[in-house]
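K.L.:
Got data-v7.pdb for you, PDB, C-alpha atoms, pLDDT in the B column:
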ATOM      1  CA  MET J   1      84.899 -97.573-123.770  1.00 86.00           C
ATOM      2  CA  ASN J   2      83.977 -96.033-127.117  1.00 90.00           C
ATOM      3  CA  HIS J   3      84.082 -92.236-127.225  1.00 93.00           C
ATOM      4  CA  ILE J   4      82.164 -90.568-130.073  1.00 92.00           C
ATOM      5  CA  PHE J   5      82.854 -86.927-130.954  1.00 95.00           C
ATOM      6  CA  VAL J   6      80.401 -85.376-133.433  1.00 91.00           C
ATOM      7  CA  ASP J   7      81.373 -82.221-135.350  1.00 92.00           C
ATOM      8  CA  PHE J   8      77.821 -81.011-135.978  1.00 89.00           C
ATOM      9  CA  GLU J   9      79.060 -78.231-138.275  1.00 88.00           C
ATOM     10  CA  ASN J  10      80.235 -80.907-140.725  1.00 87.00           C
ATOM     11  CA  VAL J  11      77.704 -83.707-140.164  1.00 87.00           C
ATOM     12  CA  SER J  12      74.308 -83.418-141.829  1.00 76.00           C
ATOM     13  CA  LYS J  13      72.510 -86.161-139.880  1.00 85.00           C
ATOM     14  CA  ILE J  14      72.941 -87.719-136.439  1.00 86.00           C
ATOM     15  CA  ASP J  15      72.179 -91.406-135.898  1.00 85.00           C
ATOM     16  CA  ASP J  16      70.658 -91.214-132.428  1.00 82.00           C
ATOM     17  CA  SER J  17      70.705 -95.017-132.042  1.00 82.00           C
ATOM     18  CA  VAL J  18      74.242 -94.846-130.628  1.00 83.00           C
ATOM     19  CA  ILE J  19      73.226 -92.416-127.887  1.00 85.00           C
ATOM     20  CA  GLY J  20      72.832 -94.332-124.630  1.00 81.00           C
ATOM     21  CA  GLU J  21      74.531 -97.478-125.932  1.00 78.00           C
ATOM     22  CA  LYS J  22      76.403 -99.422-123.267  1.00 75.00           C
ATOM     23  CA  SER J  23      80.118 -98.570-123.137  1.00 83.00           C
ATOM     24  CA  VAL J  24      79.626 -95.418-125.250  1.00 87.00           C
ATOM     25  CA  SER J  25      80.228 -91.805-124.265  1.00 90.00           C
ATOM     26  CA  PHE J  26      78.782 -89.313-126.728  1.00 92.00           C
ATOM     27  CA  TYR J  27      79.979 -85.743-127.332  1.00 93.00           C
ATOM     28  CA  LEU J  28      78.018 -83.379-129.591  1.00 91.00           C
ATOM     29  CA  PHE J  29      79.769 -80.156-130.633  1.00 92.00           C
ATOM     30  CA  VAL J  30      77.472 -77.383-131.885  1.00 88.00           C
ATOM     31  CA  GLY J  31      78.692 -74.134-133.479  1.00 86.00           C
ATOM     32  CA  GLU J  32      77.592 -70.706-132.306  1.00 81.00           C
ATOM     33  CA  LYS J  33      75.446 -70.094-135.390  1.00 81.00           C
ATOM     34  CA  GLN J  34      73.682 -73.465-135.302  1.00 77.00           C
ATOM     35  CA  LYS J  35      70.235 -73.003-133.802  1.00 78.00           C
ATOM     36  CA  LYS J  36      68.357 -76.218-134.615  1.00 81.00           C
ATOM     37  CA  LEU J  37      68.561 -79.797-133.360  1.00 80.00           C
ATOM     38  CA  ASP J  38      66.224 -82.676-134.184  1.00 80.00           C
ATOM     39  CA  ILE J  39      63.764 -83.088-131.298  1.00 85.00           C
ATOM     40  CA  GLN J  40      64.330 -86.867-131.260  1.00 85.00           C
ATOM     41  CA  VAL J  41      68.072 -86.298-130.791  1.00 83.00           C
ATOM     42  CA  VAL J  42      67.393 -83.782-127.997  1.00 86.00           C
ATOM     43  CA  GLU J  43      65.129 -86.279-126.221  1.00 86.00           C
ATOM     44  CA  LYS J  44      67.829 -88.963-126.382  1.00 81.00           C
ATOM     45  CA  LEU J  45      70.457 -86.517-125.069  1.00 84.00           C
ATOM     46  CA  ILE J  46      68.236 -85.657-122.105  1.00 87.00           C
ATOM     47  CA  HIS J  47      67.293 -89.266-121.383  1.00 84.00           C
ATOM     48  CA  HIS J  48      70.940 -90.391-121.378  1.00 84.00           C
ATOM     49  CA  ALA J  49      72.437 -87.298-119.780  1.00 83.00           C
ATOM     50  CA  ASP J  50      74.864 -89.397-117.723  1.00 82.00           C
ATOM     51  CA  SER J  51      76.716 -90.588-120.847  1.00 83.00           C
ATOM     52  CA  VAL J  52      76.476 -87.570-123.162  1.00 87.00           C
ATOM     53  CA  GLN J  53      77.898 -84.058-123.329  1.00 89.00           C
ATOM     54  CA  LEU J  54      76.498 -81.219-125.419  1.00 90.00           C
ATOM     55  CA  ILE J  55      79.211 -78.641-126.066  1.00 87.00           C
ATOM     56  CA  ARG J  56      77.847 -75.441-127.643  1.00 88.00           C
ATOM     57  CA  LEU J  57      80.374 -72.807-128.644  1.00 86.00           C
ATOM     58  CA  THR J  58      79.579 -69.263-127.532  1.00 81.00           C
ATOM     59  CA  GLY J  59      82.136 -67.642-129.819  1.00 77.00           C
ATOM     60  CA  SER J  60      83.004 -67.995-133.487  1.00 75.00           C
ATOM     61  CA  GLY J  61      86.283 -68.086-135.342  1.00 77.00           C
ATOM     62  CA  LYS J  62      88.158 -70.116-137.913  1.00 82.00           C
ATOM     63  CA  ASN J  63      88.411 -73.746-136.746  1.00 84.00           C
ATOM     64  CA  ALA J  64      86.996 -72.795-133.328  1.00 88.00           C
ATOM     65  CA  LEU J  65      84.900 -75.950-133.094  1.00 90.00           C
ATOM     66  CA  ASP J  66      87.771 -78.121-134.388  1.00 91.00           C
ATOM     67  CA  PHE J  67      90.150 -76.915-131.677  1.00 92.00           C
ATOM     68  CA  THR J  68      87.511 -77.408-128.991  1.00 92.00           C
ATOM     69  CA  LEU J  69      86.769 -80.954-130.166  1.00 94.00           C
ATOM     70  CA  ALA J  70      90.501 -81.782-130.224  1.00 94.00           C
ATOM     71  CA  TYR J  71      90.780 -80.598-126.609  1.00 93.00           C
ATOM     72  CA  TYR J  72      88.003 -82.959-125.486  1.00 95.00           C
ATOM     73  CA  VAL J  73      89.523 -85.871-127.419  1.00 94.00           C
ATOM     74  CA  GLY J  74      92.869 -85.302-125.708  1.00 92.00           C
ATOM     75  CA  ARG J  75      91.274 -85.049-122.286  1.00 92.00           C
ATOM     76  CA  ALA J  76      89.322 -88.284-122.829  1.00 92.00           C
ATOM     77  CA  ALA J  77      92.450 -90.071-124.096  1.00 92.00           C
ATOM     78  CA  ILE J  78      94.249 -89.171-120.868  1.00 91.00           C
ATOM     79  CA  THR J  79      91.465 -90.531-118.661  1.00 90.00           C
ATOM     80  CA  ASP J  80      90.845 -93.645-120.807  1.00 90.00           C
ATOM     81  CA  PRO J  81      94.075 -94.489-122.696  1.00 89.00           C
ATOM     82  CA  THR J  82      92.784 -97.935-123.746  1.00 89.00           C
ATOM     83  CA  GLY J  83      89.510 -96.580-125.142  1.00 90.00           C
ATOM     84  CA  CYS J  84      88.447 -96.156-128.777  1.00 92.00           C
ATOM     85  CA  PHE J  85      88.007 -92.609-130.048  1.00 94.00           C
ATOM     86  CA  HIS J  86      85.736 -91.900-133.027  1.00 94.00           C
ATOM     87  CA  ILE J  87      85.544 -88.428-134.621  1.00 94.00           C
ATOM     88  CA  ILE J  88      82.552 -88.053-136.936  1.00 93.00           C
ATOM     89  CA  SER J  89      83.053 -85.171-139.341  1.00 92.00           C
ATOM     90  CA  GLY J  90      83.220 -84.391-143.024  1.00 90.00           C
ATOM     91  CA  ASP J  91      86.268 -82.222-142.303  1.00 90.00           C
ATOM     92  CA  LYS J  92      89.435 -84.040-143.415  1.00 89.00           C
ATOM     93  CA  GLY J  93      91.497 -81.594-141.352  1.00 91.00           C
ATOM     94  CA  TYR J  94      91.153 -83.964-138.397  1.00 93.00           C
ATOM     95  CA  LYS J  95      93.335 -86.584-140.099  1.00 93.00           C
ATOM     96  CA  PRO J  96      96.675 -85.227-138.731  1.00 93.00           C
ATOM     97  CA  LEU J  97      95.174 -85.467-135.241  1.00 93.00           C
ATOM     98  CA  ILE J  98      94.125 -89.071-135.894  1.00 92.00           C
ATOM     99  CA  ASP J  99      97.598 -89.931-137.219  1.00 92.00           C
ATOM    100  CA  HIS J 100      99.243 -88.355-134.169  1.00 93.00           C
ATOM    101  CA  LEU J 101      97.006 -90.236-131.739  1.00 92.00           C
ATOM    102  CA  ARG J 102      97.749 -93.535-133.484  1.00 91.00           C
ATOM    103  CA  SER J 103     101.479 -92.814-133.323  1.00 92.00           C
ATOM    104  CA  ARG J 104     100.961 -92.636-129.553  1.00 89.00           C
ATOM    105  CA  GLN J 105      99.251 -96.063-129.615  1.00 91.00           C
ATOM    106  CA  ILE J 106      95.798 -94.545-129.099  1.00 91.00           C
ATOM    107  CA  LYS J 107      92.958 -96.173-131.038  1.00 91.00           C
ATOM    108  CA  ALA J 108      91.502 -93.251-133.006  1.00 91.00           C
ATOM    109  CA  TYR J 109      89.315 -93.234-136.125  1.00 92.00           C
ATOM    110  CA  LEU J 110      87.812 -90.598-138.426  1.00 92.00           C
ATOM    111  CA  HIS J 111      84.383 -91.206-139.975  1.00 92.00           C
ATOM    112  CA  PRO J 112      82.725 -88.942-142.580  1.00 90.00           C
ATOM    113  CA  ASP J 113      79.291 -89.926-141.196  1.00 89.00           C
ATOM    114  CA  PHE J 114      77.589 -92.480-138.958  1.00 88.00           C
ATOM    115  CA  THR J 115      77.302 -95.162-141.656  1.00 85.00           C
ATOM    116  CA  THR J 116      80.947 -96.230-141.229  1.00 84.00           C
ATOM    117  CA  LEU J 117      80.853 -96.216-137.425  1.00 85.00           C
ATOM    118  CA  THR J 118      81.404 -99.616-135.792  1.00 80.00           C
ATOM    119  CA  PHE J 119      82.580-100.575-132.331  1.00 74.00           C
ATOM    120  CA  SER J 120      84.730-103.533-133.423  1.00 54.00           C
ATOM    121  CA  CYS J 121      87.946-102.062-131.999  1.00 51.00           C
ATOM    122  CA  PRO J 122      90.938-104.399-131.648  1.00 44.00           C
ATOM    123  CA  PRO J 123      91.703-105.906-128.227  1.00 39.00           C
ATOM    124  CA  LYS J 124      94.408-104.228-126.193  1.00 40.00           C
ATOM    125  CA  SER J 125      96.953-106.912-127.075  1.00 41.00           C
ATOM    126  CA  GLU J 126      96.601-106.365-130.827  1.00 44.00           C
ATOM    127  CA  PRO J 127      98.456-103.634-132.769  1.00 48.00           C
ATOM    128  CA  ILE J 128      96.419-100.674-133.949  1.00 46.00           C
ATOM    129  CA  PRO J 129      95.654-101.078-137.645  1.00 51.00           C
ATOM    130  CA  ALA J 130      96.739 -98.175-139.842  1.00 50.00           C
ATOM    131  CA  ALA J 131      94.282 -98.955-142.622  1.00 46.00           C
ATOM    132  CA  PRO J 132      90.638 -98.572-141.514  1.00 53.00           C
ATOM    133  CA  ASP J 133      90.334 -94.908-142.525  1.00 54.00           C
ATOM    134  CA  PRO J 134      87.055 -94.432-144.461  1.00 52.00           C
ATOM    135  CA  LEU J 135      88.404 -91.227-146.060  1.00 55.00           C
ATOM    136  CA  GLN J 136      91.161 -93.080-147.906  1.00 57.00           C
ATOM    137  CA  ALA J 137      90.742 -95.431-150.834  1.00 55.00           C
ATOM    138  CA  PRO J 138      91.527 -99.035-149.842  1.00 57.00           C
ATOM    139  CA  PRO J 139      94.848-100.382-151.151  1.00 58.00           C
ATOM    140  CA  GLN J 140      94.817-102.732-154.099  1.00 62.00           C
ATOM    141  CA  LYS J 141      94.644-106.351-152.965  1.00 58.00           C
ATOM    142  CA  ALA J 142      95.396-109.615-154.640  1.00 55.00           C
ATOM    143  CA  PRO J 143      92.295-111.696-155.405  1.00 54.00           C
ATOM    144  CA  SER J 144      91.072-113.189-152.180  1.00 51.00           C
ATOM    145  CA  LYS J 145      89.565-116.563-151.485  1.00 49.00           C
ATOM    146  CA  PRO J 146      85.775-116.837-151.431  1.00 48.00           C
ATOM    147  CA  ALA J 147      84.253-115.329-148.306  1.00 45.00           C
ATOM    148  CA  ASN J 148      82.518-118.559-147.461  1.00 42.00           C
ATOM    149  CA  PRO J 149      84.804-121.561-148.146  1.00 42.00           C
ATOM    150  CA  SER J 150      83.328-124.979-147.511  1.00 36.00           C
ATOM    151  CA  SER J 151      85.675-125.497-144.553  1.00 35.00           C
ATOM    152  CA  SER J 152      84.267-122.486-142.643  1.00 55.00           C
ATOM    153  CA  LYS J 153      80.902-121.750-141.140  1.00 70.00           C
ATOM    154  CA  PRO J 154      78.187-120.414-143.458  1.00 83.00           C
ATOM    155  CA  LEU J 155      77.988-116.625-143.532  1.00 82.00           C
ATOM    156  CA  LEU J 156      74.526-116.598-141.949  1.00 85.00           C
ATOM    157  CA  ASP J 157      75.706-118.735-139.024  1.00 84.00           C
ATOM    158  CA  ARG J 158      78.700-116.450-138.467  1.00 84.00           C
ATOM    159  CA  ALA J 159      76.455-113.378-138.453  1.00 84.00           C
ATOM    160  CA  LEU J 160      74.035-114.937-135.954  1.00 85.00           C
ATOM    161  CA  GLU J 161      76.883-116.078-133.707  1.00 84.00           C
ATOM    162  CA  HIS J 162      78.361-112.557-133.663  1.00 82.00           C
ATOM    163  CA  LEU J 163      75.046-110.796-132.991  1.00 82.00           C
ATOM    164  CA  ARG J 164      74.158-113.201-130.161  1.00 82.00           C
ATOM    165  CA  LYS J 165      77.502-112.616-128.462  1.00 81.00           C
ATOM    166  CA  ASN J 166      77.389-108.808-128.738  1.00 76.00           C
ATOM    167  CA  LEU J 167      74.251-107.851-126.882  1.00 72.00           C
ATOM    168  CA  SER J 168      75.383-104.295-126.075  1.00 69.00           C
ATOM    169  CA  ASN J 169      76.785-103.333-129.488  1.00 71.00           C
ATOM    170  CA  ARG J 170      74.018-104.434-131.816  1.00 80.00           C
ATOM    171  CA  PRO J 171      73.296-101.700-134.401  1.00 82.00           C
ATOM    172  CA  LYS J 172      69.850-100.163-134.069  1.00 84.00           C
ATOM    173  CA  ARG J 173      69.490 -98.862-137.638  1.00 85.00           C
ATOM    174  CA  LYS J 174      69.565-100.721-140.948  1.00 86.00           C
ATOM    175  CA  THR J 175      72.440 -98.619-142.357  1.00 83.00           C
ATOM    176  CA  THR J 176      74.638 -99.221-139.321  1.00 81.00           C
ATOM    177  CA  LEU J 177      73.733-102.933-139.317  1.00 83.00           C
ATOM    178  CA  LEU J 178      74.904-103.247-142.936  1.00 81.00           C
ATOM    179  CA  SER J 179      78.244-101.499-142.293  1.00 80.00           C
ATOM    180  CA  HIS J 180      78.718-103.341-138.978  1.00 79.00           C
ATOM    181  CA  LEU J 181      78.260-106.790-140.555  1.00 81.00           C
ATOM    182  CA  LYS J 182      80.586-105.917-143.444  1.00 78.00           C
ATOM    183  CA  ALA J 183      83.323-104.751-141.059  1.00 77.00           C
ATOM    184  CA  THR J 184      82.851-107.749-138.772  1.00 78.00           C
ATOM    185  CA  LEU J 185      82.528-110.549-141.320  1.00 79.00           C
ATOM    186  CA  GLY J 186      85.131-109.313-143.799  1.00 72.00           C
ATOM    187  CA  ASN J 187      85.527-106.275-146.018  1.00 61.00           C
ATOM    188  CA  GLN J 188      86.008-108.611-149.004  1.00 73.00           C
ATOM    189  CA  LEU J 189      82.229-109.026-148.984  1.00 78.00           C
ATOM    190  CA  THR J 190      80.333-106.810-151.411  1.00 84.00           C
ATOM    191  CA  ASP J 191      77.433-104.526-150.485  1.00 81.00           C
ATOM    192  CA  SER J 192      75.190-106.967-152.359  1.00 84.00           C
ATOM    193  CA  ASP J 193      76.456-109.857-150.181  1.00 85.00           C
ATOM    194  CA  ILE J 194      75.609-107.934-147.014  1.00 84.00           C
ATOM    195  CA  LYS J 195      72.142-106.907-148.239  1.00 87.00           C
ATOM    196  CA  THR J 196      71.417-110.544-149.119  1.00 88.00           C
ATOM    197  CA  LEU J 197      72.587-111.589-145.653  1.00 85.00           C
ATOM    198  CA  VAL J 198      70.282-109.070-143.946  1.00 87.00           C
ATOM    199  CA  ASN J 199      67.371-110.286-146.089  1.00 88.00           C
ATOM    200  CA  GLN J 200      68.123-113.846-144.931  1.00 88.00           C
ATOM    201  CA  LEU J 201      68.060-112.676-141.310  1.00 87.00           C
ATOM    202  CA  LYS J 202      64.670-111.059-141.961  1.00 88.00           C
ATOM    203  CA  GLN J 203      63.292-114.162-143.713  1.00 88.00           C
ATOM    204  CA  LYS J 204      64.302-116.330-140.758  1.00 86.00           C
ATOM    205  CA  LYS J 205      62.586-113.850-138.387  1.00 87.00           C
ATOM    206  CA  CYS J 206      65.909-113.184-136.631  1.00 87.00           C
ATOM    207  CA  VAL J 207      65.625-109.461-137.220  1.00 88.00           C
ATOM    208  CA  GLU J 208      62.782-107.113-138.002  1.00 89.00           C
ATOM    209  CA  ILE J 209      63.236-103.724-139.707  1.00 89.00           C
ATOM    210  CA  ASP J 210      60.378-101.250-139.386  1.00 88.00           C
ATOM    211  CA  GLU J 211      59.355 -98.443-141.739  1.00 85.00           C
ATOM    212  CA  LYS J 212      61.822 -96.072-140.046  1.00 84.00           C
ATOM    213  CA  ASP J 213      64.712 -98.523-140.616  1.00 85.00           C
ATOM    214  CA  LYS J 214      64.861 -99.390-136.889  1.00 88.00           C
ATOM    215  CA  VAL J 215      66.213-102.896-136.270  1.00 87.00           C
ATOM    216  CA  ILE J 216      64.473-105.188-133.773  1.00 87.00           C
ATOM    217  CA  TYR J 217      66.253-108.414-132.865  1.00 84.00           C
ATOM    218  CA  HIS J 218      64.617-111.788-132.161  1.00 85.00           C
ATOM    219  CA  LEU J 219      67.674-113.851-131.274  1.00 82.00           C
ATOM    220  CA  SER J 220      67.895-116.619-128.737  1.00 71.00           C
ATOM    221  CA  THR J 221      71.269-116.852-126.946  1.00 55.00           C
TER     222      THR J 221
END
Please express the file's structure as structure tokens.
P.N.:
Amino acid sequence: MNHIFVDFENVSKIDDSVIGEKSVSFYLFVGEKQKKLDIQVVEKLIHHADSVQLIRLTGSGKNALDFTLAYYVGRAAITDPTGCFHIISGDKGYKPLIDHLRSRQIKAYLHPDFTTLTFSCPPKSEPIPAAPDPLQAPPQKAPSKPANPSSSKPLLDRALEHLRKNLSNRPKRKTTLLSHLKATLGNQLTDSDIKTLVNQLKQKKCVEIDEKDKVIYHLST
């Protein structure tokens, strides 16, 4: 199960496409002084009330929302120790919490916004990677081999194979599709590579992206 905790005091925009996704529980934390929510987000929260929680603080204080969010993360980690826990916040103060959870073999990640959110968590048998923290600069790497060597499947075929197998975790917005494919197919790929790949998917009528950047899939299994 993927657990998403949104610090609305430090996130300017909510990607409502993840609300109601299969195997996702969604927590939205709203500060006492925050009075407005996008009506589309509210409608999704109501429609998927069985898998979401709206936590609105009734008191204010320094780091009040942060402490409340940390409490809910800890409670969820106790009930689902093999789950994946994603905190979405521009506040880097959550990093010590993330580091502590990982030291306890809990799969926890900090995202500055929804664009870096993916659900490609490692299987239970694999060690938890220490690197995929979007707030840290990636370490310097030696030059890697081309992303698409002749001995491997073409990039387009790999993307189609992945999307066909993951019916429940297909991104619903263009921005999340781009970041999802980059994380899945290899971070050595450039943003230009991924944009070209998405254009190929559109040209082959495998995906359709409307004027609101919503992704519609036309994939045969």
K.L.:
Taking a cut-off of 12 Å and counting only C-alpha atoms, can you build a table that, for each residue of range 161-193 of chain J near range 199-204 of chain J, reports the nearest atom pair and how far apart they are in Å (one decimal), sorted by chain then residue number, as a tab-separated table?
P.N.:
residue	atom	partner	partner_atom	distance
J:Leu163	CA	J:Leu201	CA	11.0
J:Lys174	CA	J:Asn199	CA	11.1
J:Leu177	CA	J:Leu201	CA	11.4
J:Leu178	CA	J:Asn199	CA	10.8
J:Leu181	CA	J:Leu201	CA	11.8
J:Ser192	CA	J:Asn199	CA	10.6
J:Asp193	CA	J:Asn199	CA	10.0
K.L.:
Taking only C-alpha atoms into account, name the residue in J:Ile106, J:Ile4, J:Ile78, J:Leu219 that is nearest to Asn166 in chain J.
P.N.:
J:Leu219
K.L.:
Which of these, J:Ile209, J:Leu167, J:Ile46, J:Leu197, has the shortest distance to Ile19 in chain J once you count only C-alpha atoms?
P.N.:
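Closest residue, counting only C-alpha atoms: J:Ile46.
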K.L.:
Give the answer as one residue: which of J:Asp80, J:Gly20, J:Phe5, J:Ile98 has the shortest atom-to-atom distance to Thr68 in chain J, using only C-alpha atoms?
P.N.:
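Of the candidates, the smallest distance to Thr68 in chain J is held by J:Phe5.
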K.L.:
How many Å separate CA of Gln105 in chain J from CA of Tyr27 in chain J?
P.N.:
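Computed distance, CA of Gln105 in chain J to CA of Tyr27 in chain J, equals 22.0 Å.
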K.L.:
So what do you get for CA of Leu156 in chain J versus CA of Ile216 in chain J, distance-wise?
P.N.:
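Interatomic distance, CA of Leu156 in chain J to CA of Ile216 in chain J: 17.3 Å.
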K.L.:
I need the residue nearest Arg75 in chain J from this list: J:His47, J:Lys22, J:His3, J:Lys205. Use only C-alpha atoms for the distance.
P.N.:
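Comparing J:His47, J:Lys22, J:His3, J:Lys205 against Arg75 in chain J, the winner is J:His3.
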K.L.:
I want to know what sits within 9 Å of Pro112 in chain J, based on only C-alpha atoms, with residues of the same chain fewer than 2 positions away left out; could you give that as a PyMOL selection string?
P.N.:
chain J and resi 10-11+87-92+110+114-116+134-135
K.L.:
So which residues get picked by the PyMOL selection byres ((chain J and resi 217) around 7) here, written as a PyMOL selection string?
P.N.:
chain J and resi 206-208+215-216+218-219
K.L.:
Which polymer residues have any atom within 8 Å of an atom of Ser51 in chain J, counting only C-alpha atoms, with same-chain residues fewer than 6 positions away left out, as a JSON list (two decimals) with C-alpha atoms, in the frame of the given file?
P.N.:
[["chain", "number", "residue", "atom", "x", "y", "z"],
["J", 20, "GLY", "CA", 72.83, -94.33, -124.63],
["J", 24, "VAL", "CA", 79.63, -95.42, -125.25],
["J", 25, "SER", "CA", 80.23, -91.80, -124.26],
["J", 26, "PHE", "CA", 78.78, -89.31, -126.73]]
K.L.:
Under the rule that all atoms listed in the file are counted, which of J:Lys212, J:Lys195, J:Lys36, J:Arg56 is the nearest residue to Asp7 in chain J?
P.N.:
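Between J:Lys212, J:Lys195, J:Lys36, J:Arg56, the residue approaching Asp7 in chain J most closely is J:Arg56.
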